[in-house]
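Text of the file entry-v2.cif, holding mmCIF, C-alpha atoms:
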```cif
data_upload
#
loop_
_atom_site.label_atom_id
_atom_site.label_comp_id
_atom_site.auth_asym_id
_atom_site.auth_seq_id
_atom_site.Cartn_x
_atom_site.Cartn_y
_atom_site.Cartn_z
CA MET A 8 37.91 7.53 22.00
CA GLU A 9 36.84 9.94 19.30
CA LEU A 10 36.98 7.19 16.72
CA ILE A 11 34.70 4.97 18.84
CA LEU A 12 32.19 7.80 19.26
CA THR A 13 32.29 8.60 15.56
CA SER A 14 31.78 4.95 14.64
CA LEU A 15 28.84 4.58 17.07
CA LEU A 16 27.16 7.73 15.79
CA PHE A 17 27.78 6.62 12.26
CA LEU A 18 26.22 3.23 12.97
CA ALA A 19 23.13 4.99 14.33
CA LEU A 20 23.04 7.23 11.26
CA VAL A 21 23.17 4.33 8.82
CA THR A 22 20.51 2.44 10.78
CA THR A 23 18.26 5.50 10.61
CA ALA A 24 18.87 5.92 6.87
CA VAL A 25 18.11 2.24 6.17
CA ALA A 26 14.98 2.50 8.32
CA ILE A 27 13.89 5.52 6.25
CA ALA A 28 14.32 3.42 3.10
CA LEU A 29 12.22 0.55 4.51
CA VAL A 30 9.43 2.22 6.48
CA ARG A 31 6.23 2.89 4.52
CA ARG A 32 4.37 5.25 6.81
CA LEU A 33 5.39 8.75 5.82
CA PHE A 34 4.92 10.14 9.34
CA ALA A 35 7.58 7.70 10.56
CA VAL A 36 9.80 8.69 7.64
CA VAL A 37 9.60 12.38 8.61
CA MET A 38 10.31 11.63 12.28
CA LEU A 39 13.28 9.44 11.34
CA ALA A 40 14.57 12.25 9.12
CA GLY A 41 14.49 14.49 12.20
CA VAL A 42 16.39 11.87 14.19
CA PHE A 43 18.92 11.65 11.37
CA SER A 44 19.49 15.42 11.47
CA LEU A 45 19.95 15.41 15.22
CA LEU A 46 22.46 12.54 15.07
CA SER A 47 24.37 14.30 12.30
CA ALA A 48 24.45 17.45 14.44
CA MET A 49 26.15 15.39 17.15
CA LEU A 50 28.68 14.17 14.61
CA PHE A 51 29.34 17.78 13.58
CA VAL A 52 30.08 18.67 17.21
CA LEU A 53 32.59 15.81 17.34
CA MET A 54 34.29 17.29 14.29
CA ASP A 55 34.54 20.76 15.94
CA ALA A 56 31.89 22.33 13.71
CA VAL A 57 29.68 23.71 16.49
CA ASP A 58 28.04 26.39 14.34
CA VAL A 59 27.15 23.84 11.69
CA ALA A 60 25.75 21.49 14.35
CA PHE A 61 23.62 24.31 15.70
CA THR A 62 22.22 25.15 12.28
CA GLU A 63 21.68 21.53 11.33
CA ALA A 64 19.74 20.84 14.53
CA ALA A 65 17.57 23.93 14.06
CA VAL A 66 17.03 23.66 10.32
CA GLY A 67 17.24 19.90 9.68
CA ALA A 68 15.42 18.60 12.73
CA GLY A 69 13.20 21.66 13.19
CA ILE A 70 12.09 23.57 10.11
CA SER A 71 12.36 20.81 7.54
CA SER A 72 10.37 18.38 9.76
CA VAL A 73 7.61 20.97 10.05
CA LEU A 74 7.59 21.51 6.27
CA MET A 75 7.45 17.77 5.60
CA LEU A 76 4.65 17.25 8.12
CA GLY A 77 2.72 19.98 6.34
CA THR A 78 3.31 18.23 3.05
CA ILE A 79 2.07 14.84 4.24
CA ALA A 80 -0.98 16.53 5.75
CA LEU A 81 -1.76 17.91 2.28
CA THR A 82 -0.87 14.81 0.25
CA ALA A 83 -0.64 11.18 1.41
CA ARG A 84 -0.02 9.38 4.70
CA SER A 85 1.76 6.26 3.49
CA GLU A 86 3.87 5.00 0.64
CA LYS A 87 2.32 2.45 -1.70
CA ARG A 88 3.95 -0.94 -2.15
CA PRO A 89 6.22 -0.82 -5.20
CA THR A 90 4.88 -2.73 -8.20
CA HIS A 91 8.23 -4.00 -9.42
CA TYR A 92 11.74 -4.50 -8.11
CA SER A 93 14.78 -4.03 -10.24
CA LEU A 94 18.50 -4.33 -9.77
CA VAL A 95 19.33 -1.22 -11.80
CA PRO A 96 19.21 1.27 -8.87
CA LEU A 97 21.37 -0.96 -6.69
CA SER A 98 23.98 -1.41 -9.40
CA ILE A 99 24.05 2.34 -10.11
CA VAL A 100 24.54 3.03 -6.40
CA ILE A 101 27.32 0.47 -6.02
CA LEU A 102 29.12 1.77 -9.10
CA THR A 103 28.91 5.35 -7.79
CA GLY A 104 30.21 4.16 -4.43
CA LEU A 105 33.24 2.48 -5.97
CA VAL A 106 34.09 5.63 -7.94
CA LEU A 107 33.68 7.80 -4.83
CA ILE A 108 35.87 5.52 -2.71
CA TYR A 109 38.50 5.54 -5.44
CA GLY A 110 38.33 9.33 -5.27
CA THR A 111 39.05 9.37 -1.53
CA LEU A 112 42.20 7.25 -1.83
CA ASP A 113 44.56 10.13 -2.53
CA MET A 114 43.02 12.43 0.07
CA PRO A 115 45.10 13.41 3.12
CA ASN A 116 44.50 11.51 6.36
CA PHE A 117 41.62 12.62 8.60
CA GLY A 118 42.81 15.36 11.00
CA ASP A 119 46.16 15.81 9.28
CA PRO A 120 47.40 19.33 10.27
CA MET A 121 49.66 19.54 7.20
CA SER A 122 46.93 18.82 4.61
CA PRO A 123 46.41 21.42 1.82
CA VAL A 124 43.12 22.50 3.43
CA GLN A 125 44.94 23.61 6.60
CA THR A 126 48.02 25.21 5.06
CA HIS A 127 46.59 27.87 2.73
CA VAL A 128 43.98 30.54 3.55
CA GLY A 129 42.50 28.92 6.68
CA PRO A 130 45.25 29.91 9.16
CA ASP A 131 45.27 33.42 7.69
CA TYR A 132 41.66 33.97 8.74
CA ILE A 133 42.37 32.55 12.20
CA GLN A 134 45.32 34.92 12.63
CA ARG A 135 43.62 38.06 11.32
CA THR A 136 40.20 37.74 12.97
CA PRO A 137 41.21 39.06 16.46
CA THR A 138 42.75 42.25 15.04
CA ASP A 139 40.40 42.81 12.07
CA ILE A 140 36.96 41.95 13.44
CA ASP A 141 37.45 41.38 17.18
CA VAL A 142 34.77 38.69 17.39
CA PRO A 143 35.81 35.49 19.16
CA ASN A 144 33.88 33.20 16.81
CA ILE A 145 35.88 32.95 13.59
CA VAL A 146 33.01 31.34 11.67
CA THR A 147 30.80 34.33 12.44
CA ALA A 148 33.57 36.73 11.44
CA VAL A 149 34.07 35.04 8.07
CA LEU A 150 30.34 34.57 7.41
CA ALA A 151 29.17 38.06 8.29
CA SER A 152 32.20 40.20 7.52
CA TYR A 153 34.92 38.76 5.30
CA ARG A 154 32.43 36.95 3.08
CA GLY A 155 29.43 39.15 3.79
CA PHE A 156 28.54 39.44 0.11
CA ASP A 157 28.28 35.65 -0.15
CA THR A 158 25.81 35.70 2.70
CA LEU A 159 23.84 38.37 0.82
CA GLY A 160 23.79 35.99 -2.16
CA GLU A 161 22.53 33.24 0.14
CA VAL A 162 19.72 35.49 1.32
CA THR A 163 18.84 36.09 -2.33
CA VAL A 164 18.65 32.33 -2.90
CA VAL A 165 16.36 31.89 0.11
CA PHE A 166 14.18 34.79 -1.08
CA THR A 167 13.91 33.27 -4.56
CA ALA A 168 12.97 29.87 -3.11
CA GLY A 169 10.36 31.48 -0.87
CA LEU A 170 8.93 33.32 -3.86
CA GLY A 171 8.80 30.03 -5.78
CA VAL A 172 6.98 28.26 -2.95
CA VAL A 173 4.43 31.07 -2.63
CA LEU A 174 3.80 31.09 -6.39
CA LEU A 175 3.46 27.29 -6.49
CA ILE A 176 0.98 26.85 -3.68
CA SER A 177 -0.83 30.19 -3.65
CA GLY A 178 -4.58 29.78 -3.99
CA LEU A 179 -4.38 26.15 -2.91
CA GLY A 180 -7.05 26.51 -0.21
CA ARG A 181 -9.31 28.40 -2.61
CA ARG A 182 -8.98 25.69 -5.26
CA ILE A 183 -9.65 22.91 -2.73
CA ARG A 184 -12.80 24.67 -1.49
CA ARG A 185 -14.01 25.21 -5.05
CA SER A 186 -13.52 21.55 -6.00
CA ARG A 187 -15.38 20.50 -2.85
CA ARG A 188 -18.26 22.78 -3.77
CA GLU A 189 -18.32 21.29 -7.28
CA ASP A 190 -18.35 17.81 -5.78
CA LYS A 191 -21.28 18.71 -3.56
CA ALA A 192 -23.33 20.52 -6.23
CA PRO A 193 -24.18 17.48 -8.45
CA SER A 194 -25.26 15.38 -5.45
CA LYS A 195 -27.70 18.11 -4.44
CA GLY A 196 -29.05 18.17 -7.97
CA ALA A 197 -29.53 14.39 -7.88
CA LYS A 198 -31.60 14.65 -4.68
CA ASN A 199 -33.94 17.20 -6.20
CA MET B 9 49.36 6.08 -8.06
CA GLU B 10 50.54 3.78 -5.36
CA PHE B 11 48.93 3.30 -1.98
CA ASN B 12 50.09 1.22 0.91
CA PHE B 13 47.04 0.02 2.78
CA ASP B 14 48.56 0.01 6.27
CA LEU B 15 46.73 0.77 9.52
CA PRO B 16 47.34 4.57 9.61
CA PHE B 17 46.06 4.87 6.04
CA ILE B 18 42.90 2.89 6.82
CA LEU B 19 42.23 4.75 10.08
CA GLY B 20 42.84 8.09 8.35
CA HIS B 21 40.46 7.29 5.51
CA LEU B 22 37.80 5.32 7.42
CA ASN B 23 35.75 8.48 7.99
CA TYR B 24 35.58 9.26 4.29
CA TRP B 25 34.46 5.72 3.48
CA LEU B 26 31.78 5.82 6.18
CA PHE B 27 30.44 9.06 4.70
CA VAL B 28 30.45 7.50 1.24
CA ILE B 29 28.31 4.64 2.59
CA LEU B 30 25.88 7.17 4.05
CA MET B 31 25.80 9.05 0.75
CA LEU B 32 24.98 5.84 -1.08
CA THR B 33 22.08 5.08 1.26
CA GLY B 34 20.65 8.49 0.39
CA LEU B 35 21.26 7.96 -3.31
CA TYR B 36 19.56 4.56 -3.16
CA ILE B 37 16.46 6.10 -1.59
CA VAL B 38 16.38 8.77 -4.31
CA VAL B 39 16.78 6.30 -7.18
CA ALA B 40 14.84 3.26 -5.98
CA ARG B 41 11.89 4.62 -4.00
CA GLY B 42 8.84 5.82 -5.91
CA ASN B 43 7.33 8.08 -3.28
CA LEU B 44 8.23 11.69 -3.99
CA LEU B 45 8.42 12.74 -0.33
CA LYS B 46 10.77 9.88 0.37
CA LYS B 47 12.92 10.99 -2.53
CA ILE B 48 13.27 14.42 -0.89
CA VAL B 49 14.25 12.78 2.41
CA GLY B 50 16.83 10.68 0.54
CA LEU B 51 18.19 13.82 -1.09
CA ASN B 52 18.56 15.36 2.37
CA ILE B 53 20.47 12.30 3.62
CA PHE B 54 22.80 12.52 0.62
CA GLN B 55 23.28 16.21 1.27
CA VAL B 56 24.12 15.74 4.95
CA ALA B 57 26.67 13.06 4.03
CA VAL B 58 28.37 15.53 1.66
CA PHE B 59 28.39 18.11 4.47
CA MET B 60 30.09 15.59 6.75
CA LEU B 61 32.76 14.91 4.13
CA TYR B 62 33.48 18.64 3.87
CA ILE B 63 33.52 19.21 7.62
CA SER B 64 35.80 16.23 8.18
CA MET B 65 38.36 17.80 5.83
CA GLY B 66 38.56 20.89 8.05
CA LYS B 67 39.21 18.90 11.24
CA VAL B 68 42.67 19.22 12.79
CA ALA B 69 43.71 16.42 15.14
CA GLY B 70 43.94 17.85 18.67
CA GLY B 71 42.33 21.12 17.59
CA THR B 72 39.27 22.77 19.09
CA ALA B 73 36.26 24.52 17.59
CA PRO B 74 37.27 27.76 15.81
CA ILE B 75 36.21 30.07 18.63
CA LEU B 76 39.12 32.09 20.01
CA THR B 77 39.98 30.99 23.53
CA GLY B 78 42.66 33.60 24.21
CA THR B 79 45.38 31.07 25.03
CA ALA B 80 48.40 31.39 22.78
CA GLY B 81 49.40 28.48 20.56
CA GLU B 82 45.93 26.87 20.58
CA ALA B 83 45.20 24.69 17.53
CA TYR B 84 41.89 25.45 15.84
CA SER B 85 40.05 23.44 13.21
CA ASN B 86 39.68 25.17 9.88
CA PRO B 87 36.68 27.54 9.98
CA LEU B 88 36.27 27.86 6.20
CA PRO B 89 34.53 24.50 5.55
CA HIS B 90 32.16 25.38 8.40
CA VAL B 91 31.22 28.69 6.77
CA LEU B 92 30.72 26.98 3.42
CA ILE B 93 28.50 24.28 4.90
CA LEU B 94 26.45 26.78 6.92
CA THR B 95 25.55 28.44 3.63
CA ALA B 96 24.90 25.04 2.05
CA ILE B 97 22.50 24.00 4.85
CA VAL B 98 20.42 27.14 4.37
CA VAL B 99 20.38 26.70 0.58
CA GLY B 100 19.48 23.03 1.20
CA ILE B 101 16.38 23.92 3.21
CA ALA B 102 15.43 26.38 0.45
CA THR B 103 15.58 23.65 -2.21
CA THR B 104 13.79 21.19 0.10
CA SER B 105 10.90 23.59 0.63
CA LEU B 106 10.66 24.23 -3.11
CA GLY B 107 10.58 20.47 -3.73
CA LEU B 108 7.87 19.99 -1.11
CA ALA B 109 5.79 22.75 -2.70
CA LEU B 110 6.17 20.98 -6.05
CA ILE B 111 4.97 17.74 -4.41
CA VAL B 112 1.87 19.49 -3.07
CA ARG B 113 1.19 20.85 -6.55
CA ILE B 114 1.75 17.46 -8.21
CA ASN B 115 -0.64 15.87 -5.72
CA GLU B 116 -3.23 18.51 -6.58
CA THR B 117 -3.02 17.75 -10.30
CA TYR B 118 -2.54 13.97 -10.28
CA GLY B 119 -4.06 12.98 -6.95
CA THR B 120 -1.01 10.87 -6.07
CA ILE B 121 2.65 11.31 -5.11
CA GLU B 122 3.82 7.91 -6.36
CA GLU B 123 6.17 8.14 -9.32
CA ASP B 124 4.85 4.97 -11.05
CA GLU B 125 1.24 6.14 -11.01
CA ILE B 126 2.15 9.62 -12.29
CA LEU B 127 4.15 8.12 -15.17
CA GLU B 128 1.26 5.77 -16.03
CA MET B 129 -1.22 8.67 -16.07
CA ASP B 130 1.10 10.70 -18.29
CA GLN B 131 1.44 7.78 -20.72
CA GLN B 132 -2.32 7.24 -20.86
CA LYS B 133 -2.90 10.94 -21.43
CA GLY B 134 -0.25 11.00 -24.14
CA GLN B 135 -1.80 7.93 -25.80
CA SER B 136 -5.31 9.40 -25.81
CA GLU B 137 -3.97 12.69 -27.21
CA LEU B 138 -2.14 10.77 -29.92
CA ASP B 139 -5.34 8.88 -30.75
CA ALA B 140 -7.25 12.16 -31.01
CA ILE B 141 -4.60 13.62 -33.35
CA ASN B 142 -4.64 10.50 -35.53
CA LYS B 143 -8.44 10.58 -35.70
CA ALA B 144 -8.40 14.25 -36.69
CA ALA B 145 -5.76 13.58 -39.34
CA ALA B 146 -7.78 10.67 -40.75
CA ALA B 147 -10.90 12.88 -40.84
CA THR B 148 -9.13 15.65 -42.79
CA ASP B 149 -7.67 13.04 -45.16
CA ALA B 150 -11.13 11.64 -45.83
CA GLN B 151 -12.46 15.17 -46.36
CA GLY B 152 -9.65 15.96 -48.77
CA ALA B 153 -10.33 12.77 -50.71
CA ALA B 154 -14.06 13.56 -50.85
CA SER B 155 -13.52 17.12 -52.15
CA LYS B 156 -11.11 15.84 -54.85
CA LYS B 157 -13.79 13.53 -56.14
#
```
How would this structure read if it were set down as structure tokens?
Amino acid sequence: MELILTSLLFLALVTTAVAIALVRRLFAVVMLAGVFSLLSAMLFVLMDAVDVAFTEAAVGAGISSVLMLGTIALTARSEKRPTHYSLVPLSIVILTGLVLIYGTLDMPNFGDPMSPVQTHVGPDYIQRTPTDIDVPNIVTAVLASYRGFDTLGEVTVVFTAGLGVVLLISGLGRRIRRSRREDKAPSKGAKN
Amino acid sequence: MEFNFDLPFILGHLNYWLFVILMLTGLYIVVARGNLLKKIVGLNIFQVAVFMLYISMGKVAGGTAPILTGTAGEAYSNPLPHVLILTAIVVGIATTSLGLALIVRINETYGTIEEDEILEMDQQKGQSELDAINKAAAATDAQGAASKK
């Protein structure tokens, strides 16, 4: 049952991704990206990662869609038809895929309870959380308490990115207005 | 290494292969499409496929989400990949927003967000600068020759 659901969701995901590659209107691309995030959130729920699904739905389908819509409002509405087609990208992608699939061959089976991932530190956190932190959600306990410093580092990354964005696009409105004024000024001079 | 490709092996690895296919779709969009916004979307698809690969490693067959239910002997999926990917999602949106800001800036300077056109403009600009340098060099050479005479 789970396999069927996973396969169906996966089929929808690949269809969405291929549609993103083919569609030229950027508005449709952004909306399809939101759909993709929502579908992937459903897949995360199937794989027991409810916190990840929650974040993916909020961040992937919510915030990043808004940011992309803002970007297409400031730049262009549609993609131009490519001037040339080449087989190089496709061959690079296929080669990468073969290497990646070769890499998965010696991985443990999906859901195997005896795989190395499950037999080292993971169970330790599950056992210690009720006595150490007393929060039912283990992901929260690890994120905010055991690995709190990592989360602080993450906040630093987000702060740096925000600073970068502000520095990159600060004064954009001012510059646009100035260029419009400069565009208007010569036409007035021509009339006089 | 030796593998026997029987049914349990294929069923156990099918998920990984599906995620690889999804990753490749994202990679193809990044490499083959010229529109910068589409490249960012492709990068996001690639990223989500990597997240899925990580999350699928933490899954325990018959386990539930790692939220304590209180019943003894309950099997939980591994919470550590979830924590890692939560951080990765937030860092991912940070890089996406930085990329989008760069696109806005590129559009301001070049007036386009198509990779081909930007490259063409850069080449033309480089060519005209090269011409100017050559002209200046020829002028100084001629001056030098004139002063020697």
Please, which residues are within 12 Å of (39.4, 26.7, 9.4) by the file's coordinates, counting all atoms listed in the file, and could they come as a ChimeraX atom specification?
/A:54-56,118,120,122-134,136,144-149 /B:62-68,71-76,83-92
For atom CA of B:Leu94 and atom CA of A:Thr158, the interatomic separation in Å (one decimal):
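Interatomic distance here is 9.9 Å.
Matched in the shown structure by the PyMOL selection byres ((chain B and resi 126-135) around 12): Gly42, Asn43, Leu44, Ile111, Ile114, Asn115, Glu116, Thr117, Tyr118, Gly119, Thr120, Ile121, Glu122, Glu123, Asp124, Glu125, Ser136, Glu137, Leu138, Asp139, Ala140, Ile141 and Asn142 of chain B.
Take the candidates A:Ser85, A:Gly104, A:Asp190, A:Ile99 and check each one against A:Val30 using all atoms listed in the file; the shortest distance goes to A:Ser85.
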Looking at all atoms listed in the file, which of A:Thr13, A:Thr23, A:Asn116, A:Thr78 is the one that sits closest to B:Gly34?
A:Thr23
How many Å separate atom CA of A:Met75 from atom CA of A:Ile27?
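Answer for the atom CA of A:Met75 to atom CA of A:Ile27 separation: 13.9 Å.
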List as a PyMOL selection string the protein and nucleic acid residues near A:Leu20, meaning an atom at most 12 Å away when only C-alpha atoms are counted, but skip any in the same chain fewer than 5 places from it.
(chain A and resi 13-15+25-27+39-50) or (chain B and resi 26-27+29-31+33-34+53-54+56-57+60)
Point-to-point distance in Å for atom CA of A:Leu53 and atom CA of A:Phe117
13.0 Å
Given the point (16.5, 18.9, 0.8) in the file's coordinates, find the residues that have an atom at most 10 Å from it, counting only C-alpha atoms, and give them as an mmCIF file with C-alpha atoms, in the coordinates of the input.
```cif
data_model
loop_
_atom_site.group_PDB
_atom_site.id
_atom_site.type_symbol
_atom_site.label_atom_id
_atom_site.label_comp_id
_atom_site.auth_asym_id
_atom_site.auth_seq_id
_atom_site.Cartn_x
_atom_site.Cartn_y
_atom_site.Cartn_z
ATOM 1 C CA GLY A 67 17.240 19.900 9.680
ATOM 2 C CA SER A 71 12.360 20.810 7.540
ATOM 3 C CA LYS B 47 12.920 10.990 -2.530
ATOM 4 C CA ILE B 48 13.270 14.420 -0.890
ATOM 5 C CA VAL B 49 14.250 12.780 2.410
ATOM 6 C CA GLY B 50 16.830 10.680 0.540
ATOM 7 C CA LEU B 51 18.190 13.820 -1.090
ATOM 8 C CA ASN B 52 18.560 15.360 2.370
ATOM 9 C CA ILE B 53 20.470 12.300 3.620
ATOM 10 C CA PHE B 54 22.800 12.520 0.620
ATOM 11 C CA GLN B 55 23.280 16.210 1.270
ATOM 12 C CA VAL B 56 24.120 15.740 4.950
ATOM 13 C CA ILE B 97 22.500 24.000 4.850
ATOM 14 C CA VAL B 98 20.420 27.140 4.370
ATOM 15 C CA VAL B 99 20.380 26.700 0.580
ATOM 16 C CA GLY B 100 19.480 23.030 1.200
ATOM 17 C CA ILE B 101 16.380 23.920 3.210
ATOM 18 C CA ALA B 102 15.430 26.380 0.450
ATOM 19 C CA THR B 103 15.580 23.650 -2.210
ATOM 20 C CA THR B 104 13.790 21.190 0.100
ATOM 21 C CA SER B 105 10.900 23.590 0.630
ATOM 22 C CA LEU B 106 10.660 24.230 -3.110
ATOM 23 C CA GLY B 107 10.580 20.470 -3.730
ATOM 24 C CA LEU B 108 7.870 19.990 -1.110
#
```
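Closest approach to chain B from the set A:Ile183, A:Val165, A:Val73, A:Ala60 is made by A:Val165, with distances taken over all atoms listed in the file.
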Name the closest residue to chain A among the candidates B:Ala144, B:Leu45, B:Ile18, B:Ala69; distances are taken between atoms, counting all atoms listed in the file.
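Using all atoms listed in the file, the shortest distance to chain A belongs to B:Ala69.
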Ranking A:Val106, A:Ala192, A:Leu29, A:Val21 by minimum distance to chain B and counting all atoms listed in the file, which one comes first?
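Of A:Val106, A:Ala192, A:Leu29, A:Val21, the one nearest chain B, counting all atoms listed in the file, is A:Val21.
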Measuring between all atoms listed in the file, which one of B:Ile93, B:Ala80, B:Ala150, B:Leu15 shows the shortest distance to chain A?
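Nearest to chain A: B:Ile93.
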